[in-house]
>>> print(open('start-v3.txt').read())   # compact mmCIF, C-alpha atoms
# COMPACT_ATOMS: atom_id res chain seq x y z
CA MET A 6 -231.45 101.25 97.05
CA GLU A 7 -231.43 100.37 100.73
CA LYS A 8 -228.16 100.74 102.56
CA GLN A 9 -226.82 97.62 104.20
CA LYS A 10 -226.66 97.84 107.98
CA LYS A 11 -223.28 97.41 109.62
CA PRO A 12 -223.04 94.52 112.07
CA VAL A 13 -223.66 95.79 115.61
CA THR A 14 -221.47 93.29 117.42
CA LYS A 15 -218.14 94.84 116.54
CA ASP A 16 -215.26 94.10 118.89
CA ILE A 17 -214.09 96.97 121.04
CA LYS A 18 -210.33 97.23 120.64
CA HIS A 19 -207.89 99.09 122.85
CA GLU A 20 -204.12 99.22 123.03
CA TYR A 21 -202.07 100.33 126.04
CA SER A 22 -198.31 100.95 126.06
CA ILE A 23 -196.40 99.55 129.04
CA LYS A 24 -192.89 100.59 130.00
CA GLY A 25 -190.45 98.26 131.70
CA MET A 26 -189.56 99.19 135.31
CA ASP A 27 -192.18 101.92 135.51
CA PHE A 28 -193.68 100.93 138.87
CA VAL A 29 -195.60 104.18 139.30
CA ALA A 30 -197.77 103.76 136.20
CA ALA A 31 -197.93 99.97 136.60
CA GLY A 32 -201.51 98.84 136.90
CA GLU A 33 -203.07 101.82 135.13
CA ALA A 34 -203.69 99.91 131.90
CA SER A 35 -205.38 97.07 133.80
CA SER A 36 -207.43 99.60 135.75
CA ASN A 37 -208.64 101.07 132.44
CA ILE A 38 -209.41 97.61 131.08
CA LYS A 39 -211.42 96.81 134.20
CA HIS A 40 -213.31 100.08 133.87
CA THR A 41 -214.18 99.34 130.22
CA LEU A 42 -215.49 95.89 131.18
CA GLN A 43 -217.61 97.47 133.93
CA LEU A 44 -219.07 99.99 131.49
CA ILE A 45 -220.00 97.19 129.08
CA GLY A 46 -221.70 95.48 132.00
CA PHE A 47 -220.03 92.07 132.37
CA ALA A 48 -220.68 90.10 135.58
CA PRO A 49 -218.33 91.05 138.47
CA ALA A 50 -216.81 87.54 138.58
CA VAL A 51 -215.94 87.72 134.87
CA ILE A 52 -214.47 91.20 135.30
CA ARG A 53 -212.32 89.99 138.21
CA ARG A 54 -210.94 87.13 136.09
CA ALA A 55 -210.05 89.50 133.25
CA ALA A 56 -208.63 92.09 135.66
CA ILE A 57 -206.39 89.50 137.34
CA ALA A 58 -205.09 88.30 133.95
CA ALA A 59 -204.50 91.85 132.68
CA TYR A 60 -202.79 93.03 135.85
CA GLU A 61 -200.48 90.02 136.20
CA ALA A 62 -199.58 90.33 132.50
CA GLU A 63 -198.97 94.06 132.88
CA MET A 64 -196.76 93.51 135.94
CA ASN A 65 -194.82 90.83 134.05
CA ILE A 66 -193.99 93.39 131.35
CA VAL A 67 -193.04 96.03 133.95
CA ILE A 68 -190.83 93.59 135.88
CA HIS A 69 -189.23 91.53 133.13
CA ALA A 70 -189.46 93.30 129.77
CA TRP A 71 -188.11 96.46 128.20
CA GLU A 72 -191.44 97.58 126.85
CA GLY A 73 -194.70 96.12 125.69
CA VAL A 74 -198.36 96.53 124.92
CA LEU A 75 -201.63 95.22 126.28
CA ILE A 76 -204.17 94.81 123.49
CA THR A 77 -207.76 94.05 124.36
CA SER A 78 -210.46 92.93 121.99
CA ILE A 79 -213.86 92.73 123.64
CA SER A 80 -217.24 91.49 122.47
CA PRO A 81 -220.16 90.26 124.60
CA GLU A 82 -219.11 86.66 123.91
CA ARG A 83 -215.35 86.92 124.13
CA ILE A 84 -212.72 88.90 126.03
CA GLU A 85 -209.24 88.67 124.54
CA ILE A 86 -206.15 90.15 126.18
CA ILE A 87 -202.81 90.06 124.36
CA ALA A 88 -199.66 91.05 126.24
CA ALA A 89 -196.78 91.43 123.79
CA ASP A 90 -193.36 92.63 124.86
CA THR A 91 -189.86 93.14 123.62
CA GLY A 92 -187.62 91.74 126.30
CA PRO A 93 -185.35 88.90 127.33
CA GLY A 94 -187.94 86.18 126.67
CA ILE A 95 -188.61 83.12 128.85
CA PRO A 96 -185.82 80.48 128.71
CA ASP A 97 -187.96 77.63 130.07
CA ILE A 98 -191.72 78.04 129.76
CA ASP A 99 -192.53 74.80 131.63
CA GLN A 100 -190.54 76.02 134.60
CA ALA A 101 -192.09 79.52 134.41
CA MET A 102 -195.53 77.91 134.63
CA LYS A 103 -194.68 76.17 137.93
CA GLU A 104 -196.25 77.77 141.00
CA GLY A 105 -193.59 79.44 143.10
CA TYR A 106 -190.90 79.59 140.42
CA SER A 107 -189.65 83.12 139.84
CA THR A 108 -186.65 84.76 138.26
CA ALA A 109 -187.48 88.16 139.78
CA PRO A 110 -184.58 89.68 141.74
CA ASP A 111 -184.78 90.66 145.42
CA HIS A 112 -185.57 94.31 144.80
CA ILE A 113 -188.67 93.25 142.87
CA ARG A 114 -189.72 90.89 145.67
CA GLU A 115 -189.37 93.73 148.16
CA MET A 116 -192.01 95.55 146.15
CA GLY A 117 -194.38 92.61 146.59
CA PHE A 118 -193.85 90.83 143.29
CA GLY A 119 -191.96 87.74 142.17
CA ALA A 120 -194.02 85.20 144.11
CA GLY A 121 -193.81 82.90 141.11
CA MET A 122 -197.60 82.91 140.83
CA GLY A 123 -198.12 85.36 137.96
CA LEU A 124 -198.38 82.99 135.01
CA PRO A 125 -200.16 80.22 136.98
CA ASN A 126 -202.70 82.81 138.20
CA ILE A 127 -203.29 84.00 134.63
CA ARG A 128 -203.77 80.43 133.41
CA ASN A 129 -206.22 79.71 136.26
CA VAL A 130 -208.54 82.58 135.29
CA SER A 131 -208.34 81.97 131.52
CA ASP A 132 -210.42 79.80 129.23
CA GLU A 133 -207.65 79.89 126.61
CA PHE A 134 -204.00 80.58 127.40
CA THR A 135 -201.19 80.76 124.83
CA LEU A 136 -197.61 81.71 125.61
CA ASP A 137 -194.97 82.26 122.92
CA SER A 138 -191.50 83.40 123.76
CA SER A 139 -188.29 83.97 121.89
CA LEU A 140 -185.03 84.38 123.78
CA GLY A 141 -183.56 87.86 123.53
CA ARG A 142 -186.56 89.11 121.57
CA GLY A 143 -189.69 88.98 123.65
CA THR A 144 -192.84 87.24 124.80
CA THR A 145 -196.44 87.22 123.61
CA LEU A 146 -199.19 86.01 125.91
CA THR A 147 -202.74 85.57 124.65
CA VAL A 148 -205.59 85.08 127.07
CA VAL A 149 -209.23 84.50 126.15
CA ILE A 150 -212.12 84.54 128.59
CA TYR A 151 -215.62 83.50 127.56
CA PRO A 152 -218.03 85.41 129.82
CA THR A 153 -220.75 82.81 129.54
CA ALA A 154 -218.51 79.78 130.17
CA MET B 6 -218.79 91.06 160.53
CA ASN B 7 -218.87 94.59 159.24
CA LEU B 8 -215.85 96.85 158.90
CA ARG B 9 -216.74 98.86 162.00
CA GLU B 10 -216.78 95.71 164.19
CA LEU B 11 -213.60 94.47 162.55
CA SER B 12 -211.87 97.78 163.17
CA LYS B 13 -212.82 97.59 166.87
CA LEU B 14 -211.63 93.98 167.12
CA LEU B 15 -208.19 94.90 165.77
CA ASP B 16 -207.99 98.22 167.60
CA SER B 17 -207.37 99.83 164.25
CA LYS B 18 -207.43 103.26 162.75
CA ILE B 19 -209.36 103.92 159.55
CA HIS B 20 -207.55 106.21 157.12
CA CYS B 21 -210.08 106.68 154.34
CA CYS B 22 -213.52 105.74 153.01
CA GLU B 23 -215.21 105.92 156.43
CA GLU B 24 -218.55 105.80 154.61
CA SER B 25 -217.89 102.09 153.98
CA LEU B 26 -217.79 101.10 157.67
CA GLU B 27 -221.03 99.17 157.39
CA ASN B 28 -219.64 97.02 154.55
CA GLU B 29 -219.70 93.33 155.34
CA ILE B 30 -216.44 91.36 155.48
CA SER B 31 -216.90 87.64 154.85
CA TYR B 32 -213.37 86.41 154.13
CA VAL B 33 -209.72 87.22 154.73
CA CYS B 34 -206.61 86.86 152.59
CA ALA B 35 -203.14 87.74 153.86
CA GLY B 36 -199.66 88.13 152.46
CA ASP B 37 -196.85 90.42 151.39
CA LEU B 38 -196.47 89.07 147.86
CA MET B 39 -199.24 90.36 145.64
CA SER B 40 -199.32 87.38 143.29
CA ASP B 41 -200.02 85.19 146.32
CA ILE B 42 -203.06 87.41 146.86
CA LEU B 43 -204.08 87.54 143.19
CA MET B 44 -205.01 83.85 143.31
CA PHE B 45 -208.09 84.74 145.37
CA SER B 46 -211.19 85.95 143.61
CA GLU B 47 -214.13 86.56 145.94
CA PRO B 48 -215.77 89.84 146.86
CA ASN B 49 -216.23 90.97 150.49
CA ALA B 50 -212.69 89.98 151.43
CA LEU B 51 -210.28 91.81 153.70
CA LEU B 52 -206.63 91.96 152.66
CA VAL B 53 -204.12 91.84 155.53
CA THR B 54 -200.61 92.90 154.51
CA GLY B 55 -197.33 94.31 155.67
CA LEU B 56 -196.49 95.61 152.21
CA VAL B 57 -196.91 99.36 151.82
CA ASN B 58 -196.89 100.57 148.22
CA ILE B 59 -199.26 101.63 145.48
CA GLN B 60 -199.43 98.12 144.01
CA VAL B 61 -201.30 96.91 147.12
CA ILE B 62 -204.12 99.28 146.17
CA ARG B 63 -203.96 98.17 142.52
CA THR B 64 -204.15 94.52 143.61
CA ALA B 65 -207.12 95.31 145.88
CA GLU B 66 -208.80 97.13 143.00
CA MET B 67 -208.44 94.18 140.60
CA LEU B 68 -209.87 91.74 143.16
CA ASP B 69 -212.75 93.94 144.40
CA ILE B 70 -211.20 93.73 147.88
CA ALA B 71 -213.58 95.22 150.48
CA ALA B 72 -210.83 96.74 152.68
CA VAL B 73 -207.08 96.60 153.31
CA ILE B 74 -205.47 96.53 156.77
CA PHE B 75 -201.75 97.22 157.27
CA ILE B 76 -200.09 95.52 160.23
CA ARG B 77 -197.56 96.72 162.83
CA GLY B 78 -198.61 100.36 162.55
CA LYS B 79 -197.46 100.76 158.96
CA ASN B 80 -199.13 103.79 157.43
CA PRO B 81 -200.29 104.13 153.82
CA THR B 82 -198.66 106.90 151.77
CA ASP B 83 -200.57 109.93 150.47
CA GLU B 84 -200.37 108.48 146.96
CA MET B 85 -201.99 105.26 148.22
CA LEU B 86 -204.71 107.19 150.06
CA ASP B 87 -205.51 109.22 146.94
CA LEU B 88 -205.93 106.11 144.79
CA SER B 89 -207.96 104.35 147.51
CA ARG B 90 -210.38 107.25 147.73
CA ILE B 91 -210.85 107.17 143.95
CA LYS B 92 -211.45 103.42 144.03
CA SER B 93 -213.46 103.50 147.30
CA ILE B 94 -211.25 101.00 149.10
CA PRO B 95 -211.07 101.63 152.88
CA LEU B 96 -207.53 101.50 154.33
CA LEU B 97 -206.96 100.59 157.99
CA THR B 98 -203.92 100.18 160.20
CA THR B 99 -203.39 98.12 163.33
CA ASP B 100 -200.43 98.02 165.70
CA HIS B 101 -200.82 94.24 166.02
CA THR B 102 -198.35 91.84 164.39
CA PHE B 103 -199.25 89.91 161.24
CA TYR B 104 -199.81 86.68 163.17
CA LEU B 105 -201.93 88.23 165.91
CA THR B 106 -204.02 90.16 163.38
CA CYS B 107 -204.79 86.96 161.45
CA GLY B 108 -205.32 85.02 164.69
CA LEU B 109 -207.87 87.50 166.03
CA LEU B 110 -209.75 87.51 162.73
CA TYR B 111 -209.81 83.71 162.59
CA GLU B 112 -210.94 83.49 166.21
CA ALA B 113 -213.78 85.89 165.38
CA GLY B 114 -215.02 83.40 162.78
CA LEU B 115 -213.64 84.89 159.57
CA LYS B 116 -212.41 82.25 157.17
CA ASN B 117 -209.96 82.06 154.32
CA VAL B 118 -211.14 83.21 150.90
CA PRO B 119 -212.61 80.02 149.38
CA MET B 120 -210.67 78.49 146.50
CA LYS B 121 -211.46 75.83 143.97
CA THR B 122 -209.15 72.82 144.04
CA ALA B 123 -208.05 70.96 140.91
CA LYS B 124 -211.01 68.61 141.50
CA ASN B 125 -213.33 71.66 141.54
CA GLU B 126 -214.03 71.27 145.25
CA ILE B 127 -214.30 74.38 147.41
CA LYS B 128 -211.50 74.66 149.93
CA TYR B 129 -211.25 77.20 152.78
>>> encode(input="start-v3.txt", output="structure tokens")
Amino acid sequence: MEKQKKPVTKDIKHEYSIKGMDFVAAGEASSNIKHTLQLIGFAPAVIRRAAIAAYEAEMNIVIHAWEGVLITSISPERIEIIAADTGPGIPDIDQAMKEGYSTAPDHIREMGFGAGMGLPNIRNVSDEFTLDSSLGRGTTLTVVIYPTA
Amino acid sequence: MNLRELSKLLDSKIHCCEESLENEISYVCAGDLMSDILMFSEPNALLVTGLVNIQVIRTAEMLDIAAVIFIRGKNPTDEMLDLSRIKSIPLLTTDHTFYLTCGLLYEAGLKNVPMKTAKNEIKY
């Protein structure tokens, strides 16, 4: 009896732990994600979009949350990035989506963050953008990019 | 304009990745808040900033920034230089102020990184 072949287009899944307030390691997960996308061979413009989304999401966890994960699920047709954290949550999502609105304190701004452009930037590079947040519990952001779109 | 010409124009010192001096610079983005920079997404861009920390290099990495120049003689740290060498991102410094640096670059014909407006028009 002939063995059935496994499907070849299996999603590549990775998970990266992110610690709140760890500004030294911040960006390493996104750097790894970018590297993976380069190895797979996506177009540079697609990789930049995914890298921007991953990095902004990673910085959001570092700045605002206690801890979180970046989970990527990649196939040639679809790049999904989930940023899930345990943290204070977002009290007003509509306001958080406004360009220039930030709740980051001064010491974060001195480090070059808290421009109030993080979430709007992520939305701008995404084909699908979903944000769920629960006060006092955490936030889950799901971004999908279709490389051929 | 290539990086060598740009370096001469701004009287700047190059701290790493000298092998990239022939790289072409087509656009400029400038700012001290990294999310204000992360809205740009074009290769061959120079980043002008007064912010000196490792996240500047991370931001440059994500955006495929061609080179970073620090204004008012601010020097990159060893940690930043190490990461820049790994990622092949040239780091420069100039003694000029932020405004003068941008002014000289603009005068030399370098434009803003193009952006798409809500109506999908290209804006410089």
>>> residues_around(input="start-v3.txt", residues="Thr91 of chain A", least_positions_apart="4", cutoff="6 Å", atoms="all atoms listed in the file", output="PyMOL selection string")
chain A and resi 71-72+142-143
>>> residues_around(input="start-v3.txt", residues="segment 34-39 of chain A", least_positions_apart="2", cutoff="6 Å", atoms="only C-alpha atoms", output="PyMOL selection string")
chain A and resi 32+41-42+56+59-60
>>> atom_distance(input="start-v3.txt", atom1="atom CA of Leu97 of chain B", atom2="atom CA of Tyr129 of chain B")
24.3 Å
>>> atom_distance(input="start-v3.txt", atom1="atom CA of Ser138 of chain A", atom2="atom CA of Val67 of chain A")
16.3 Å
>>> interface_residues(input="start-v3.txt", of="chain A", to="chain B", cutoff="7 Å", atoms="only C-alpha atoms", output="list in words")
Gly32, Arg53, Ala56, Ile57, Gly117, Phe118, Ala120, Met122, Gly123 and Asn126 of chain A
>>> residues_around(input="start-v3.txt", residues="His101 of chain B", least_positions_apart="5", cutoff="10 Å", atoms="only C-alpha atoms", output="list in words")
Leu15, Asp16, Ser17, Phe75, Ile76, Arg77, Gly78, Thr106, Cys107 and Leu109 of chain B
>>> atom_distance(input="start-v3.txt", atom1="atom CA of Ala65 of chain B", atom2="atom CA of Lys128 of chain B")
21.5 Å
>>> closest_residue(input="start-v3.txt", among="B:Ala72, B:Leu110, B:Met6, B:Ile127", to="Glu23 of chain B", atoms="all atoms listed in the file")
B:Ala72
>>> residues_around(input="start-v3.txt", residues="Val53 of chain B", least_positions_apart="2", cutoff="7 Å", atoms="all atoms listed in the file", output="short mmCIF file (atom, residue, chain, number, x, y, z; two decimals) with C-alpha atoms, in the frame of the given file")
data_model
loop_
_atom_site.label_atom_id
_atom_site.label_comp_id
_atom_site.auth_asym_id
_atom_site.auth_seq_id
_atom_site.Cartn_x
_atom_site.Cartn_y
_atom_site.Cartn_z
CA CYS B 34 -206.61 86.86 152.59
CA ALA B 35 -203.14 87.74 153.86
CA GLY B 36 -199.66 88.13 152.46
CA LEU B 51 -210.28 91.81 153.70
CA VAL B 73 -207.08 96.60 153.31
CA ILE B 74 -205.47 96.53 156.77
CA PHE B 75 -201.75 97.22 157.27
#
>>> closest_residue(input="start-v3.txt", among="A:Asp137, A:Glu85, A:Asp132, A:Asp111", to="Asp97 of chain A", atoms="only C-alpha atoms")
A:Asp137
>>> residues_near_point(input="start-v3.txt", point="(-190.9, 100.4, 143.4)", cutoff="9 Å", atoms="all atoms listed in the file", output="list in words")
Met26, Asp27, Phe28, Val29, His112, Ile113, Glu115 and Met116 of chain A; Asn58, Ile59 and Gln60 of chain B
>>> closest_residue(input="start-v3.txt", among="B:Glu126, B:Lys116, B:Ile70, B:Ala50", to="Ser89 of chain B", atoms="only C-alpha atoms")
B:Ile70
>>> residues_near_point(input="start-v3.txt", point="(-219.4, 87.5, 126.9)", cutoff="10 Å", atoms="all atoms listed in the file", output="ChimeraX atom specification")
/A:45-48,51,79-84,150-154
